[in-house]
Amino acid sequence: MSRLNLAFALSMIVASPVVAQNATYTLYGTPGLIEMPTAQTAPDAQLTVNFSAFEQQKRGNIGFQITPRLSGTFRYTNVPNATGPGSSAEFERNFDLRYRFLDEGQFGAWTPGMAVGLQDVMGKGLQPAEYIVASKTMTDNIIITAGLGWGRFGSKDGFENPLGLFNSAFLNRPNGGFGNGGRVNSDHFFRGDAALFGGLSWAYSDNFSLKAEYSSDAYLRENSNATIDTKSPFNFGLSYHWADNTTLDLAYLYGSELAVGLTYALNPRKRPAISGTEPAPIPVRMRGTDSLIAQSWDASSASSNLQSLSAALWSQGIRLHGLKSGSGTATVRYSNTSYRSEAQAFGRVARAMTQVLSDDITNFTLIPLKNGMAVSTITMARSDVEEFENSATGSADLRDAILIRDAAKAPELVKNLDGPHAFLWGVSPYVAPKVLKGGAPSQLDIGVTARAEYELRPDLLLKGGLRHIAFGKRKNDAEFRTIGETTLTNLKLSHYGRPGPDIYSLFNVGYLNSEYGGISGEMIYKPVTANWALGAEATYAIERNSDMLFGLQDMETVTGHISGYYSFDNGFHTQLDVGKFLAGDWGATLSIDREFDNGWSVGAYATLTDMPFDEFGDGSFDKGVKITIPVDFLFGNASPRKFNAKLSSVSGSGGGGDRLNPGGNLYDAVRSAHIAGGLGDTFGRVWR
């Protein structure tokens, strides 16, 4: 670079407006420069979806800031084996972990931020790397980074591993990859030659960032099979922050490749839509004033408390099942059909009761039902509802004032026989993506689905569904569902019950899901105020015919699991399931989720069984990530519905770790109305 050009570049940097540096993402979907990491981290709980591509490699990445310091990334990469006729590609799935162990300025203004990371922890070994990296903010516009890498990040101009001073085992890195993947080969970590990498990012404005880096990745495998020609270790990139949550990247790699990237960020703490678009709640009526409800309904519906309260609650999206009043106390049973937050439904029921019930009723008892099960009993003084509705601390005050206990021995009430009909049905478009599975990045079915549910009793439901595929192809075990086929997704009878105090049950019989019919039973023991639960389930399963209609095959099995659940005070939830899986293998599944009070959940799971890794096939064992996004978070309207996604890193051909899901989600239904669960977690919405 000439002196004139250098002076011009420096003058541009000095003269550029002072802006806050936005965190940028690498083509691997991790916070960093272009391909090299930095010590920056995303905001706590941020979820990012990143796609990047250059001529010979394509990557899909999902990242999550698990804690303020710890982050993880799930990656799906199309890696070519060779070029020319007959060339093929491998689809690699892997995980990254990184931890920021030092904050910038923690021990003085000179202190950089520092992080340590592992790339491709459990993949096939095509992209493994480890690193320690430091980043320092020089001005509001400029951040510089320097790091030391191993594995792929130690392959360009590598030198003897400095960790060998502490143990000679660090000097040599075992040859070869991880085979089928899925195994944590810790004997590779930080072993072999090390190399230096570094770079800088310059935020020219709030929208544009320029990046340059020296890469320590020599792309040895890709150069050897002629899928890339690295001519230079220098990479240059431009990031355009199109919106607060969207970034476009353009990069020139290794003197030979042009790359593009797109990153979309979503944080559970920041709603994209205005919330609270549901109808306003009924206000509390102070005793001694006229009832607004009685004035707003005609004489026939106001002729009894039961009918008036039923109509009032149904206008709020809540179904009344029964009412009993006398001796100063009124007790109601109801089902929340509209709100994700049971506390929001509970608050609306209590306010409607103040409007309908006479002034001599001084205490309220509310019993929320889930599929006909009484899941808790909530008792409060009517005066507390009157006092706290408009108080600045009303939600917390009411929570402290209520008494919540088990509802197994709930009293008999006058049943609401004039409520809404118990037959529900619907026809809707059917779109089923299947991503990051098998030998292709995505598959898609499009068609029409029809569902129906008939309530024989509140706790006894007959459910069924049909699906017609108009476009696409979906694999079910060894069979393909193809265009034009109509299938029976399920047809079953489900019974929910309360066998005893703190015990809940669910029994299903029929065509349980698209693959199996049979009989399934589950019981859960969960005290109302406990942050833990125990469960057990067993299923006699018969494989359905490949046409997914009414026939059954001779293949049958018995599966079952014992489960333990525990919710930590910091928002993390764990579940451990131990038992027998569909393939006859025995083992356990551990799930860890970070849950948010607004209904979000992001987590990971792993299943290990006695099926040998080599027999299991690609991936060695089942593992993946799970994401739940509530509808009301995205659109702002009241809705109990949620979008659920499960991305598995592997798909074993032998079916190891496969577990039948008969539907019903008993644990979540019970927990949602417990103070140590959904009711307590969302109590701030009680007056909404």
# chains A, B, ... in the order shown; residues from 1 in each chain; ligands from 1
$ residues_around --residues "segment 155-163 of chain A" --least-positions-apart "5" --cutoff "10 Å" --atoms "only C-alpha atoms" --output "ChimeraX atom specification"
/A:129,148-150,168-172,190-197,214-220,233
$ select_by_dssp --residues "segment 307-468 of chain A" --states "strand (DSSP E or B)" --output "count of residues only"
79
$ closest_residue --among "A:Thr145, A:Gln344, A:Ser383, A:Ser224" --to "Ala212 of chain A" --atoms "only C-alpha atoms"
A:Thr145
$ closest_residue --among "A:Trp202, A:Phe346, A:Trp687, A:Phe74" --to "Asn390 of chain A" --atoms "only C-alpha atoms"
A:Trp687
$ atom_distance --atom1 "atom CA of Tyr25 of chain A" --atom2 "atom CA of Leu250 of chain A"
11.6 Å
$ residues_around --residues "Pro43 of chain A" --least-positions-apart "2" --cutoff "8 Å" --atoms "only C-alpha atoms" --output "list in words"
Thr41, Ala45, Gln46, Gln65 and Pro68 of chain A
$ atom_distance --atom1 "atom CA of Gly535 of chain A" --atom2 "atom CA of Gly372 of chain A"
19.5 Å
$ residues_around --residues "segment 96-112 of chain A" --least-positions-apart "4" --cutoff "6 Å" --atoms "only C-alpha atoms" --output "PyMOL selection string"
chain A and resi 69-73+116-121+134-136
$ atom_distance --atom1 "atom CA of Tyr76 of chain A" --atom2 "atom CA of Val602 of chain A"
18.1 Å
